[in-house]
Structure formats: C-alpha cells, structure tokens
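These notes are about the structure you will find just below.
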Amino acid sequence: MANSDLLTYILLAPMAAFFATLVIPAKNTTAIKVANAVFSGVALVLSIVVFTAYDMAAGGYQMVTDIPWIDSIGIRYTVAVDGVGVVLVLLNAIVFFTGVLTMWTLTLRVKEYFAFMALLVFGVFGVFISLDVFIFFFFYEVAVLPMYPLIAIWGSTKKEYSAMKLTLYLMVGSALLFPGLIALFVAGGSGSWNIEFLAAAIQNQPEFQVFVYPFIYIGFGILAGMWPFHGWSPTGHVAAPTAVSMLHAGVLMKLGAFGILRIAIGILPHGAETWAPMFASFATVGIVYGAFVAMRQNDFKYVIGFSSVSHMGIVLLGLNTLAPDGTAGAVFQMFAHGIMTALFFSAVGFIYDQSHDRDIRNFGGLSKQVPIAAGFFIVASLCGMGVPGFASFWAEFLVFLQALASWPVLGVLAIVGLVFTALYALRVLGKAMFGPANPKWDHLKDATPWAMVPRVILIGVLILFGFFPSWILDLIHTTTGSN
Amino acid sequence: MAGMGDLTLFLPEAVVLLAALVAFVMAIFTTNYRNVWAATTFMAVAAVVVSILCIDFQGEPFFPGIYKVDLFSQLLKVGLTIGLALTMLVSRDLPSVRKSSHNDLPIFLTLGTLGMMMLVSATELLTLYVVLELSAYALYVMAALNRDQRMAGESGVKYLLFGAAASAVTLYGLSLIYGAVGSTMIVDVVHAEPTALLVVGVILTLSGLFFKLAVLPFHAWAPDTYQGAPHQVATFIGTSSKVAAVGILVRVLTMSLDSDAVQTLLIALAVVSMTIGNLAALAQKDLKRLLAWSTVAHAGYILLGLLTLSEMGMAAAIFYGLTYLVIAFAAFLAVVAVSPKGENPSLESLKGLYRRAPLVGVVLLAGMFGLAGVPPTPGFTGKWFVFSAALDSHYFWLVLIGAVNATISLYYYLRVVRYAYQTVPDGDAEGSAPMKVALPTQLAAWVAMAIIAVVGFYPGPLWDLARGAAKVLLGAAGG
C-alpha cells in the first residue's frame, strides 16, 4: 500500500507537539495549547485514515515500514498495524485529542505539562504499531515514565506517594520484562527481534515457553491492572489530573493488555495455554473484587479507579480464553473501556475543577444543578454497566459468552460480578446525581459549549460503535479470526 | 598497518600531553586562572577533534607488543578526551577548589587524562602498571584540593590509602602472572596454559582495577572521596576515570577467557555491587554521595557485561562505559551548577531548580533518567545490551537481579527529579532567585544533552564501533 509511511507520521505528530511545546515560550500558554490541539488533531485525522484504509480482505500486518536501526544486533524499526493495532491507534488518538481539549483550562506550568503528555502519547502510539520487541519495549518505557512527573506535579490527593507507587509498580513489571523479552531473542537464535519471526522461531520450544510466559504476562499484566498487582491503579487514578487520568486509564492500561496479546500470547501460545487457567482465575477475581471494592468508595475517582480494575479484569479474562471471540471481545473492551473511562474522568474532572470536592456524600441532585455535566457522568455510568446501545455492551457480551464456553465456573462468577458493577454505578448515580440537591453546589456552572466538545466526541464514539459494533469487530476479527 | 615508530599513531596522546605542557607553562607565567583555563580548554577540545580523526589508526608506535593502537583504544580515547573537554568546560569557576591551587587543576586533569589514554593502549603488564599509576597520582592530588581543609584531607587520604593498597595488590598479581608465564606481554599471557598461579595472578590484578571502577568491596573510598573532592574533580573521577577502568578491565579480562574461577568471582561481585550500591544510595541526602553509591551500582551492571567474557558482553560493557561517561557528566554538571559558592549540594538544595535554572533542571533530568536506564536515553540501550549479552550466555537470573536493581535505583533517581522539579523553594529570596550559570557550563550542558539525545535515539553507530572494538580486542587475544 502506498501510504505505508502513515504510521510514522502518526508517531511523529505527538513528537511535533512535544517540540512545538518546547519552542514556544512558557508565557504563551494559549499558543502551546493550540499547537497541541493541532498536532493531536492531525494524529486523529491520520488515525481515521488508517482506520478506513486498512484492507480487511487482506488482513494481517499492513502499512509496514522496515528500517534497520541497530542492524548488527538485529534491531529494526519495524512498524505495522493489524486489525487490533488499528483500533488501538484510533483509541489513543481520540483520547489524546479530547485530553488536550479537556485541559484547556490548565494554568499551572502549562508548558511542561503538555511536553510530558506529548511524550507519553508518543510512547503509546509507538507501542501500538511496533513489530519489533526492542522498539516495542523502548516505546513502552517512554510511555510509562512521564506518568511520574505528570502525577507528582499536577496531581491531587497524596500525589507524591501515588506517583512513586505507580512508577515503582510499573518498573517492577519492566524488571520482569527485561529478562523475559531478551530471553525470547536468545531463544529465537539471537538474530532478530521481529515479533512474527520470534513467534515462528520459538514455536517448537514448549518448555521454554512455559518457563518464560509468566514473566512476560505478569510484567505486562501489572500495567493492565491485573489482580493482585493492581494496587497502583486506584491511587494513581485518584491522584492524577483529569487528562492524565484519561490517558492513564483510557490508554496506558491498554498497553499492558496489548503487550499480553501481542507478545505473551502472540509469541508463546503454548505457554499461554498452560498458564491460562491460573491467569483467567486471577482475572475473574479482579472483576469481582474491583466491583466489590468500588461499592464502598466515597470518592468519585476511587470508584472509577476500582471499576477500571474490574473492567480490565474483563479484558484479561477475554484474552485468557485464547479463543477468537474472547480475544475480539477483549480488544473491543479495551477500546470501549478506554473511551468510557476517558469520559468518566473528564466528567468528574469538570465537577472537581469547580467544587474541589470529590466526596460522593457531599453531593446530591447534580443532575438538576448542572444537567449537562451530570449527563456526561450518567452516560459513562450506563456504559460502564454494559447497557445495550453502548460499545461496551458488545465487548462484555462477547467476552462473557466465550468465558462461559471456555471456563464455565469463572464465566458465571464474572457475570455475578457484573451485578455488583450495576450496584456501584447506580449507587453513585443515586447519591450524587439524583436525590435531594445540596444547596452548597448551587453556584456550580454547567458545561459551556466549548467544554462540551471533548465529552460529546467521546459519547458520540461510544454510541456510534454501540450501534455499529461490526465496524470495529470486523477489523479485530481479521487478526483474531472468528469462530 | 603502520609500522613501528610511526609517531602519528600517538597523535591524540601527544595533543593531550601538549595541553598538559601548555597548562604547566602558563601556570608558571600567569597568575590569572582564566587564561590557563581558556588555553587548556582549547587544547582539550582540539584533543577531541584529533581523537575523532584518528579513530581508524592502528599499529604500534613503540616497541612491538607494548603499546597498541587499535579501534578499541582509539574509541576509548575519544571518550576520554570528551570527558576531559567537558570537565574543563565546567571548570571556569572553581569555588570548591582552594584559591592557591586553581592553576594546578588543569595540569592534573590533562596529566590524568594522558595516563588514562595510555592505559587503554597498554598491552604489556609493566607499561600498564606505570600508566595506571600516572593516571592515579593525578587523581590523588586533585582529590585533596578542596578549599575546606578537613574535607580535602579526608578525601585525599582515603583515596590515596585505598589506592595504594589496591595498587600493591595489582603489582603482586602482576608478579604472579610473570612467575606463571615468564613474560609480561599480554599476548603471551593469553596463550599460556591457565595454571592456578596464573588465575590467582589475574584475580589479584583485577582486584586492584576494581578499585578504580569502585566495585564492591573495593568501593569504600568512593562516597567520602566524591563528597570531599572539589566538584570538578569528582566529575572527572566519576566520568573519565570510569571509562579508563572499563577499558583496562576489558583488556585484562582477555587474559582470563574460559576461566570459571574468574567468572564466578565476577558474578558474585556484580550481584553484590549492584545490590549494595543501590540500597546504600537510597539513604543518601548529599547529592555527591548519592552519585558515588550509584557509581558502585553501575559498576555492577558493567560487570554483568564483562563476566560473560564474550564479544557481545565486552562490546556491551564498552558501550555502557562510554554512554555512562556522558550521562554521569550530566548529573555532575548539575552538582557544579547548583553550588555557586562551592558547597556540597544536598537534595534539599535542589528545590525549585526547574524555575531557578531551567537548563540545569533539564540536564539533571536527562542525567537521572539516563542513570535510571529510561528511554530515550542511552542508559536504556546500554542496559538492554548488557542484559542481552548476559542472557546470551544464559544468565537469566542474573539479568532478573539486575533488572530488579534498576527498579530500586529508580526510587532515588526519581527523588532527585522530584526535588528539582516539584518542590517549590521556601520563601526566602536566596533560595528562589534565578541562578546564574556560567556560559561554558551552559555549553557543556547542551553538548551533553545533544549526545544523550542522539545516542539515545540512534545508538547504532556507537554500538557498531563498540562491537568492532571488542572484536579487535578478542581477535588479537585469540589469534
């Protein structure tokens, strides 16, 4: 295909935003924001082009760019997308663009904020399109590290503690990945880091696969919020500023799940089979546990934080079914959850920015005081419950269907967890959005049309793919196959 | 290949020697330190250019077998001259050096560099010992130049005593090697039967060299010397001297290929060094002490590459050493820049750095992320290569230990970043006023950042050079 450089341009868009941010003087905050909006817009447009240009009939990896990087050790800059990559690139672009718009009101150290954020997005794009293990991990680390300053400087509620906790947790994951990933290279004959090449080369080494699989699965799983290594996630979400929460829960956690899909399961299918019962159980515990804990939280963001653990559990359960439908559902859930959580945090951020309070008990009847802002939150909650008409319905439906077939007991448990999901979501809605209004918040201003833009985009995407799930599922199926 | 006596091969060293002479003569005839500094800095930059131009030279300028110029030595010489030039750039103002000694510093910096440059070319054990001492004496003197007499004394004496002891051990090791082989040429030693006597000799020789790299348990001088030495000297010890140490270790280790005893020793030292170095660094409040302990940890990572005794491992160690030079320099530059009066910066004194001196803040960030091994700095690539080499030799658990250690180190590196970037300085005017950074220091900052960024994103060429250097070295040893 002629537009094979497209992916590199997408990758360069946040880099351009990064450099533009560095060049523009710190005082000129509006220029910085405009530059970031423009470049994130470019990334979004290019992502949509990729989304439409991907040839579903042909399938496989497309738009390949392959340049030697450190040739003598087999490292190459190989980027390409398959159906899964296309979807996740689009997700990242949407969240980046809406994230920039959401932070339009930022006043504290604007320049550094956008520089770090652009760097983070750069890393995320890189991971989603990498087909070389070294480049993959390179971008993975680039994406993870900016979280530290982003939370520690612009965050709230125990921000330094949360930032350090998050970083150390994720770096423990990297510590497992280091030997795991390099072992793949060595086992593949020390010639190439290419993911497809490694998958073929390690095919016939079942014992090695079983040995190395947990290192890579847990290494990536920590970032995916896998139970019992999810501890960083709720505190990190709570402390992070709005757009960082959006990126973090919306996109960054997906990096972990994507790593599991692309590298752990993709290169080590035999290892995956052996370990699936255990990791599927972990995922199920995560679903139920996350929902359970979310019921008892009084902070908006903690509720969402634990709901993320629960929802990422669904993703991991889907991946661990190792069946086409489960995997497709998991990927769809990655997309849907990414958009939904971005909307969640965006909605909460809007209320918090004015009230500087996030305690659910202090609110009530927000739907009367700020109907539009509350509307965003309600939509996100409904989506979180998996109500039909939203994208996440199809995703969860597929995962649970396959889970019931593959692991009947776990499937039933996970569906029970869904009941709790509905419970905590409705509890928040009932307490904060409806019921008697708290006069203290009568002064809150509702969303202006400008502030509505990013939220409306997110809702639009959720509904669009809620009604036309096949647009995404057909893409994903080109990678996973269908049964 | 150029024949014996071709003195153009000696060009990089000659320029540095000339620089030392220039510094010496000028120090006699002028009392103005600025002039000495300007002349020496100019010579140091010239030395970098000459070294880069001479990188393809190979041959033996003196008697055969004693002094070898090859890709390995030339590559490290480029690193060493860059280290010298960068250190000179941040030495225009020397608030931490006692006034009467200002003119001495350039002399010893250049002499020390000369010794190190000859060290990486030495292929005969006695030559090796002599140039080892040449580089060491310069460092001993400089370590004691602090304006604070008590600190100067402690730093200088500790460095000298530990250094002398290590040197004695090395000398004893060398004598055993000679006893076992009957020759002082490294080539002869490589081809000799690995008798027990020879292995003991090599191990003792290594022990003396571990002192230079600050490998545990030969590290005890590092924290106190780093803390007590003037900032510029600590910079030099923490950067150039480490490259020289890697170079000479690689050279000596070619003598012990296939020795299980040496390998086992290296494994043990690597693990201990990484772990203790990182754990001790966690507790430090003085930035220079923190960097000293982090050096100990990094020595452990470098050993991880060396202990494979393979071409890839050696290449990884060389790559790691060279990139470490620039990364550690970035960190030390911040030490120099944040102490206009020459005091030792504590972590607390970094507060609000991002606002007081944005450039220094960014350099410190680059240095810390580089030391932590985070992309897109070459620290990440270096770790990746070292770990790859170790795994290629099937040291899976060793790599896991290394990677876990890297995680531990992240805590204290990030703590530095946190102080610099996040904590707002206290109300007093002095603590929050913008900082003046000398122009040459700014220049050095930009150079260091440029190297970090370029090598970080595009490590290929440097890696190929390191690979080529390791090949030359092992090829010479094997054939």
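Following the order of the structure tokens, first chain is A, next is B, and so on, with residues numbered from 1 inside each chain and ligands from 1 in the order they appear.
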Per-residue nearest contacts chain A to chain B, cut-off 7 Å, using only C-alpha atoms, as a tab-separated table:
residue	atom	partner	partner_atom	distance
A:Trp69	CA	B:Gly460	CA	6.2
A:Ile70	CA	B:Gly460	CA	4.3
A:Ser72	CA	B:Asp464	CA	6.9
A:Phe138	CA	B:Pro375	CA	6.1
A:Glu141	CA	B:Pro375	CA	6.3
A:Val142	CA	B:Pro375	CA	5.6
A:Ile153	CA	B:Gln422	CA	5.7
A:Leu168	CA	B:Thr407	CA	6.7
A:Met171	CA	B:Thr407	CA	5.6
A:Val172	CA	B:Thr407	CA	6.1
A:Ala175	CA	B:Ala403	CA	4.5
A:Leu176	CA	B:Leu400	CA	6.7
A:Phe178	CA	B:Ala403	CA	6.5
A:Pro179	CA	B:Leu400	CA	5.8
A:Ile182	CA	B:Ser388	CA	5.9
A:Ala183	CA	B:Leu391	CA	6.5
A:Val186	CA	B:Asp392	CA	5.8
Output file for the selection above: C-alpha atoms, as a PDB file, in the first residue's frame:
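Contents of selection33.pdb, freshly written:
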ATOM      1  CA  TRP A  69      18.070   0.529  13.426  1.00  0.00           C
ATOM      2  CA  ILE A  70      20.900  -1.256  15.182  1.00  0.00           C
ATOM      3  CA  SER A  72      24.357  -5.693  13.989  1.00  0.00           C
ATOM      4  CA  PHE A 138      11.542   1.186  24.107  1.00  0.00           C
ATOM      5  CA  GLU A 141       9.104   2.648  28.768  1.00  0.00           C
ATOM      6  CA  VAL A 142       8.833   6.045  27.114  1.00  0.00           C
ATOM      7  CA  ILE A 153       3.360  17.796  39.926  1.00  0.00           C
ATOM      8  CA  LEU A 168       7.737   1.564  41.121  1.00  0.00           C
ATOM      9  CA  MET A 171       9.032  -0.657  36.880  1.00  0.00           C
ATOM     10  CA  VAL A 172       8.798  -3.962  38.715  1.00  0.00           C
ATOM     11  CA  ALA A 175      12.139  -5.693  35.626  1.00  0.00           C
ATOM     12  CA  LEU A 176      10.257  -8.888  34.790  1.00  0.00           C
ATOM     13  CA  PHE A 178      13.725  -7.260  30.730  1.00  0.00           C
ATOM     14  CA  PRO A 179      14.874 -10.876  31.126  1.00  0.00           C
ATOM     15  CA  ILE A 182      15.555 -10.711  25.903  1.00  0.00           C
ATOM     16  CA  ALA A 183      15.144 -14.429  26.553  1.00  0.00           C
ATOM     17  CA  VAL A 186      18.074 -15.542  22.615  1.00  0.00           C
TER      18      VAL A 186
END
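The shell of residues at most 8 Å from Thr98 in chain A, with only C-alpha atoms counted and near chain neighbours (fewer than 4 positions) removed, consists of Ile94, Thr102, Pro454, Arg455, Ile457 and Leu458 of chain A.
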Selected residues, N, CA and C atoms, written as a short mmCIF file (atom, residue, chain, number, x, y, z; two decimals), in the first residue's frame, please.
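Dumped everything to part_36.cif:
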data_model
loop_
_atom_site.label_atom_id
_atom_site.label_comp_id
_atom_site.auth_asym_id
_atom_site.auth_seq_id
_atom_site.Cartn_x
_atom_site.Cartn_y
_atom_site.Cartn_z
N ILE A 94 -8.02 9.46 19.77
CA ILE A 94 -9.22 10.10 20.30
C ILE A 94 -8.96 10.63 21.70
N THR A 102 -9.67 18.84 27.04
CA THR A 102 -10.13 18.86 28.43
C THR A 102 -9.23 19.72 29.30
N PRO A 454 -15.10 17.99 23.85
CA PRO A 454 -14.41 16.70 24.00
C PRO A 454 -15.34 15.61 24.53
N ARG A 455 -16.22 16.00 25.48
CA ARG A 455 -17.10 14.97 26.07
C ARG A 455 -18.08 14.44 25.03
N ILE A 457 -17.63 14.31 21.85
CA ILE A 457 -16.92 13.42 20.93
C ILE A 457 -16.86 12.01 21.50
N LEU A 458 -16.50 11.92 22.80
CA LEU A 458 -16.37 10.61 23.43
C LEU A 458 -17.70 9.86 23.43
#
Near Ala432 in chain A, counting only C-alpha atoms, which residues have an atom at most 10 Å away, once you skip same-chain residues fewer than 4 positions from it, shown as a count of residues only?
-> 17
Residues flagged alpha helix (DSSP H) by DSSP in range 270-369 of chain A, as number ranges by chain | A: 270-295, 300-320, 324-355, 366-369
Grab the residues selected above and save them as a tab-separated table (two decimals), in the first residue's frame with C-alpha atoms.
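Listing of selection_39.tsv after writing:
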chain	number	residue	atom	x	y	z
A	270	HIS	CA	1.89	-22.92	24.29
A	271	GLY	CA	2.90	-21.08	27.43
A	272	ALA	CA	-0.39	-19.23	27.31
A	273	GLU	CA	-2.34	-22.48	27.19
A	274	THR	CA	-0.53	-23.87	30.18
A	275	TRP	CA	-0.96	-20.79	32.32
A	276	ALA	CA	-4.42	-19.72	31.15
A	277	PRO	CA	-6.40	-21.42	33.96
A	278	MET	CA	-4.43	-19.58	36.61
A	279	PHE	CA	-4.41	-16.19	34.94
A	280	ALA	CA	-8.07	-16.50	33.95
A	281	SER	CA	-8.87	-17.10	37.61
A	282	PHE	CA	-6.86	-14.05	38.59
A	283	ALA	CA	-8.76	-12.02	36.04
A	284	THR	CA	-12.10	-13.22	37.40
A	285	VAL	CA	-11.08	-12.35	40.93
A	286	GLY	CA	-10.14	-8.93	39.60
A	287	ILE	CA	-13.59	-8.45	38.06
A	288	VAL	CA	-15.47	-9.34	41.20
A	289	TYR	CA	-13.01	-7.76	43.63
A	290	GLY	CA	-12.83	-4.48	41.74
A	291	ALA	CA	-16.59	-4.17	41.61
A	292	PHE	CA	-16.91	-5.10	45.29
A	293	VAL	CA	-14.43	-2.53	46.47
A	294	ALA	CA	-15.87	0.13	44.20
A	295	MET	CA	-19.19	-0.22	46.04
A	300	PHE	CA	-15.69	9.63	42.69
A	301	LYS	CA	-12.28	8.82	41.37
A	302	TYR	CA	-11.74	5.84	43.64
A	303	VAL	CA	-15.00	4.40	42.35
A	304	ILE	CA	-13.78	4.79	38.80
A	305	GLY	CA	-10.32	3.56	39.73
A	306	PHE	CA	-11.63	0.28	41.11
A	307	SER	CA	-14.13	-0.03	38.31
A	308	SER	CA	-11.12	0.07	36.00
A	309	VAL	CA	-9.59	-2.86	37.83
A	310	SER	CA	-12.87	-4.68	37.33
A	311	HIS	CA	-13.19	-3.77	33.67
A	312	MET	CA	-9.58	-4.59	32.89
A	313	GLY	CA	-10.30	-7.94	34.52
A	314	ILE	CA	-12.87	-8.48	31.78
A	315	VAL	CA	-10.22	-7.71	29.19
A	316	LEU	CA	-7.77	-10.13	30.74
A	317	LEU	CA	-10.43	-12.83	31.10
A	318	GLY	CA	-11.25	-12.40	27.43
A	319	LEU	CA	-7.61	-12.70	26.45
A	320	ASN	CA	-7.18	-15.79	28.59
A	324	PRO	CA	-11.22	-15.75	18.75
A	325	ASP	CA	-14.44	-14.42	20.23
A	326	GLY	CA	-12.99	-13.89	23.67
A	327	THR	CA	-9.96	-12.11	22.27
A	328	ALA	CA	-12.06	-9.99	19.96
A	329	GLY	CA	-14.29	-9.07	22.88
A	330	ALA	CA	-11.24	-8.22	24.96
A	331	VAL	CA	-9.87	-5.91	22.31
A	332	PHE	CA	-13.25	-4.31	21.83
A	333	GLN	CA	-13.46	-3.88	25.58
A	334	MET	CA	-10.04	-2.23	25.56
A	335	PHE	CA	-11.38	0.29	23.07
A	336	ALA	CA	-14.74	0.78	24.74
A	337	HIS	CA	-13.31	0.99	28.24
A	338	GLY	CA	-10.69	3.44	27.05
A	339	ILE	CA	-13.28	5.82	25.68
A	340	MET	CA	-15.67	5.27	28.57
A	341	THR	CA	-13.09	5.89	31.29
A	342	ALA	CA	-11.87	8.94	29.49
A	343	LEU	CA	-15.44	10.21	29.57
A	344	PHE	CA	-15.79	9.28	33.25
A	345	PHE	CA	-12.68	11.15	34.32
A	346	SER	CA	-13.47	14.00	32.03
A	347	ALA	CA	-16.89	14.37	33.63
A	348	VAL	CA	-15.58	14.10	37.17
A	349	GLY	CA	-12.76	16.49	36.37
A	350	PHE	CA	-15.26	19.07	35.24
A	351	ILE	CA	-17.12	18.94	38.53
A	352	TYR	CA	-13.96	18.74	40.63
A	353	ASP	CA	-12.32	21.71	38.93
A	354	GLN	CA	-15.12	23.91	40.25
A	355	SER	CA	-16.02	22.31	43.54
A	366	LEU	CA	-26.28	17.32	40.47
A	367	SER	CA	-28.49	16.45	37.55
A	368	LYS	CA	-30.63	19.45	38.47
A	369	GLN	CA	-27.76	21.80	39.26
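Take the candidates A:Ile67, A:Asn28, A:Val419, A:Ser47 and check each one against Thr107 in chain A using only C-alpha atoms; the shortest distance goes to A:Asn28.
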Residues at most 7 Å from range 152-162 of chain B, counting only C-alpha atoms, excluding those fewer than 5 positions away in the same chain, as a PyMOL selection string?
-> chain B and resi 140+143-146+221+224-225+228-229
Would you output that residue set with C-alpha atoms, as a short mmCIF file (atom, residue, chain, number, x, y, z; two decimals), in the first residue's frame?
data_model
loop_
_atom_site.label_atom_id
_atom_site.label_comp_id
_atom_site.auth_asym_id
_atom_site.auth_seq_id
_atom_site.Cartn_x
_atom_site.Cartn_y
_atom_site.Cartn_z
CA TYR B 140 45.18 11.56 44.28
CA ALA B 143 41.09 14.80 45.31
CA ALA B 144 42.79 16.83 48.04
CA LEU B 145 42.31 20.28 46.51
CA ASN B 146 39.06 21.15 48.30
CA TRP B 221 36.74 5.30 49.16
CA ASP B 224 33.93 10.03 51.01
CA THR B 225 36.16 10.97 48.11
CA GLY B 228 35.27 15.65 49.79
CA ALA B 229 36.80 16.24 46.38
#
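Every protein, DNA or RNA residue with an atom at most 10 Å from Thr235 in chain B, where only C-alpha atoms count and chain neighbours fewer than 2 positions away do not, is listed here: Gly83, Leu84, Leu86, Thr87, Val90, Tyr226, Ala229, Pro230, His231, Gln232, Val233, Ile237, Gly238, Thr239, Ser240, Ser241, Lys288, Leu325, Ala328, Phe329, Ala330, Ala331, Phe332, Leu333, Val335 and Val336 of chain B.
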Residues of the last selection are to be written out with C-alpha atoms, as a PDB file, in the first residue's frame.
ATOM      1  CA  GLY B  83      35.425  13.605  29.273  1.00  0.00           C
ATOM      2  CA  LEU B  84      38.387  15.941  29.627  1.00  0.00           C
ATOM      3  CA  LEU B  86      33.535  18.518  29.242  1.00  0.00           C
ATOM      4  CA  THR B  87      35.227  18.661  32.628  1.00  0.00           C
ATOM      5  CA  VAL B  90      32.642  23.302  33.749  1.00  0.00           C
ATOM      6  CA  TYR B 226      33.267  12.060  45.959  1.00  0.00           C
ATOM      7  CA  ALA B 229      36.797  16.236  46.376  1.00  0.00           C
ATOM      8  CA  PRO B 230      36.122  19.509  44.564  1.00  0.00           C
ATOM      9  CA  HIS B 231      33.104  19.215  42.286  1.00  0.00           C
ATOM     10  CA  GLN B 232      35.117  19.289  39.098  1.00  0.00           C
ATOM     11  CA  VAL B 233      37.430  16.588  40.385  1.00  0.00           C
ATOM     12  CA  ILE B 237      36.690  10.732  38.798  1.00  0.00           C
ATOM     13  CA  GLY B 238      33.054   9.856  38.183  1.00  0.00           C
ATOM     14  CA  THR B 239      33.265  10.026  34.405  1.00  0.00           C
ATOM     15  CA  SER B 240      36.639   9.728  32.644  1.00  0.00           C
ATOM     16  CA  SER B 241      38.215   7.532  35.259  1.00  0.00           C
ATOM     17  CA  LYS B 288      27.516  13.693  45.550  1.00  0.00           C
ATOM     18  CA  LEU B 325      30.505   8.973  30.846  1.00  0.00           C
ATOM     19  CA  ALA B 328      27.061  10.778  34.710  1.00  0.00           C
ATOM     20  CA  PHE B 329      28.580  14.015  33.476  1.00  0.00           C
ATOM     21  CA  ALA B 330      25.084  15.457  33.077  1.00  0.00           C
ATOM     22  CA  ALA B 331      24.394  14.632  36.708  1.00  0.00           C
ATOM     23  CA  PHE B 332      27.687  16.103  37.914  1.00  0.00           C
ATOM     24  CA  LEU B 333      27.150  19.205  35.850  1.00  0.00           C
ATOM     25  CA  VAL B 335      26.257  19.476  41.085  1.00  0.00           C
ATOM     26  CA  VAL B 336      28.663  22.085  39.771  1.00  0.00           C
TER      27      VAL B 336
END
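You will find CA of Ser207 in chain B at 16.9 Å from CA of Ala297 in chain B.
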May I ask for the distance between CA of Val50 in chain A and CA of Val86 in chain A, given in Å to one decimal place?
-> 6.8 Å
Mind checking which residues fall within 12 Å of Ala26 in chain A, counting only C-alpha atoms, ignoring those fewer than 5 positions away in the same chain, and posting them as a ChimeraX atom specification?
-> /A:20-21,31-33,107-115 /B:355,358
Create the file for the chosen residues now, containing N, CA and C atoms and written as an mmCIF file, in the first residue's frame.
data_model
loop_
_atom_site.group_PDB
_atom_site.id
_atom_site.type_symbol
_atom_site.label_atom_id
_atom_site.label_comp_id
_atom_site.auth_asym_id
_atom_site.auth_seq_id
_atom_site.Cartn_x
_atom_site.Cartn_y
_atom_site.Cartn_z
ATOM 1 N N ALA A 20 7.163 21.537 19.526
ATOM 2 C CA ALA A 20 6.484 22.828 19.461
ATOM 3 C C ALA A 20 6.310 23.384 20.873
ATOM 4 N N THR A 21 5.941 22.511 21.804
ATOM 5 C CA THR A 21 5.759 22.940 23.181
ATOM 6 C C THR A 21 7.065 23.445 23.774
ATOM 7 N N ALA A 31 -0.830 29.604 22.887
ATOM 8 C CA ALA A 31 -0.150 29.065 21.713
ATOM 9 C C ALA A 31 0.223 27.604 21.937
ATOM 10 N N ILE A 32 0.684 27.291 23.155
ATOM 11 C CA ILE A 32 1.056 25.905 23.452
ATOM 12 C C ILE A 32 -0.157 25.003 23.303
ATOM 13 N N LYS A 33 -1.281 25.460 23.874
ATOM 14 C CA LYS A 33 -2.482 24.624 23.811
ATOM 15 C C LYS A 33 -2.952 24.456 22.369
ATOM 16 N N THR A 107 -3.705 26.091 34.135
ATOM 17 C CA THR A 107 -2.885 27.298 34.263
ATOM 18 C C THR A 107 -1.524 27.017 34.891
ATOM 19 N N LEU A 108 -1.398 25.896 35.599
ATOM 20 C CA LEU A 108 -0.155 25.614 36.334
ATOM 21 C C LEU A 108 0.884 24.975 35.418
ATOM 22 N N ARG A 109 1.996 25.637 35.190
ATOM 23 C CA ARG A 109 3.134 25.089 34.448
ATOM 24 C C ARG A 109 2.687 24.367 33.169
ATOM 25 N N VAL A 110 1.988 25.142 32.356
ATOM 26 C CA VAL A 110 1.351 24.595 31.162
ATOM 27 C C VAL A 110 2.364 23.924 30.225
ATOM 28 N N LYS A 111 3.481 24.608 30.041
ATOM 29 C CA LYS A 111 4.461 24.140 29.055
ATOM 30 C C LYS A 111 4.947 22.729 29.381
ATOM 31 N N GLU A 112 5.396 22.562 30.635
ATOM 32 C CA GLU A 112 5.935 21.255 30.994
ATOM 33 C C GLU A 112 4.862 20.180 30.922
ATOM 34 N N TYR A 113 3.639 20.572 31.331
ATOM 35 C CA TYR A 113 2.556 19.597 31.326
ATOM 36 C C TYR A 113 2.359 19.007 29.933
ATOM 37 N N PHE A 114 2.218 19.898 28.944
ATOM 38 C CA PHE A 114 1.936 19.407 27.602
ATOM 39 C C PHE A 114 3.144 18.682 27.005
ATOM 40 N N ALA A 115 4.340 19.107 27.418
ATOM 41 C CA ALA A 115 5.531 18.408 26.919
ATOM 42 C C ALA A 115 5.530 16.957 27.398
ATOM 43 N N ARG B 355 12.788 26.149 38.135
ATOM 44 C CA ARG B 355 12.442 27.536 37.907
ATOM 45 C C ARG B 355 13.670 28.436 38.016
ATOM 46 N N PRO B 358 16.341 26.620 34.535
ATOM 47 C CA PRO B 358 15.650 25.585 33.749
ATOM 48 C C PRO B 358 16.605 24.657 33.008
#
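Restricting the calculation to only C-alpha atoms, the smallest distance between Leu204 in chain B and any of B:Ala299, B:Ala85, B:Val262, B:Val190 is found for B:Val262.
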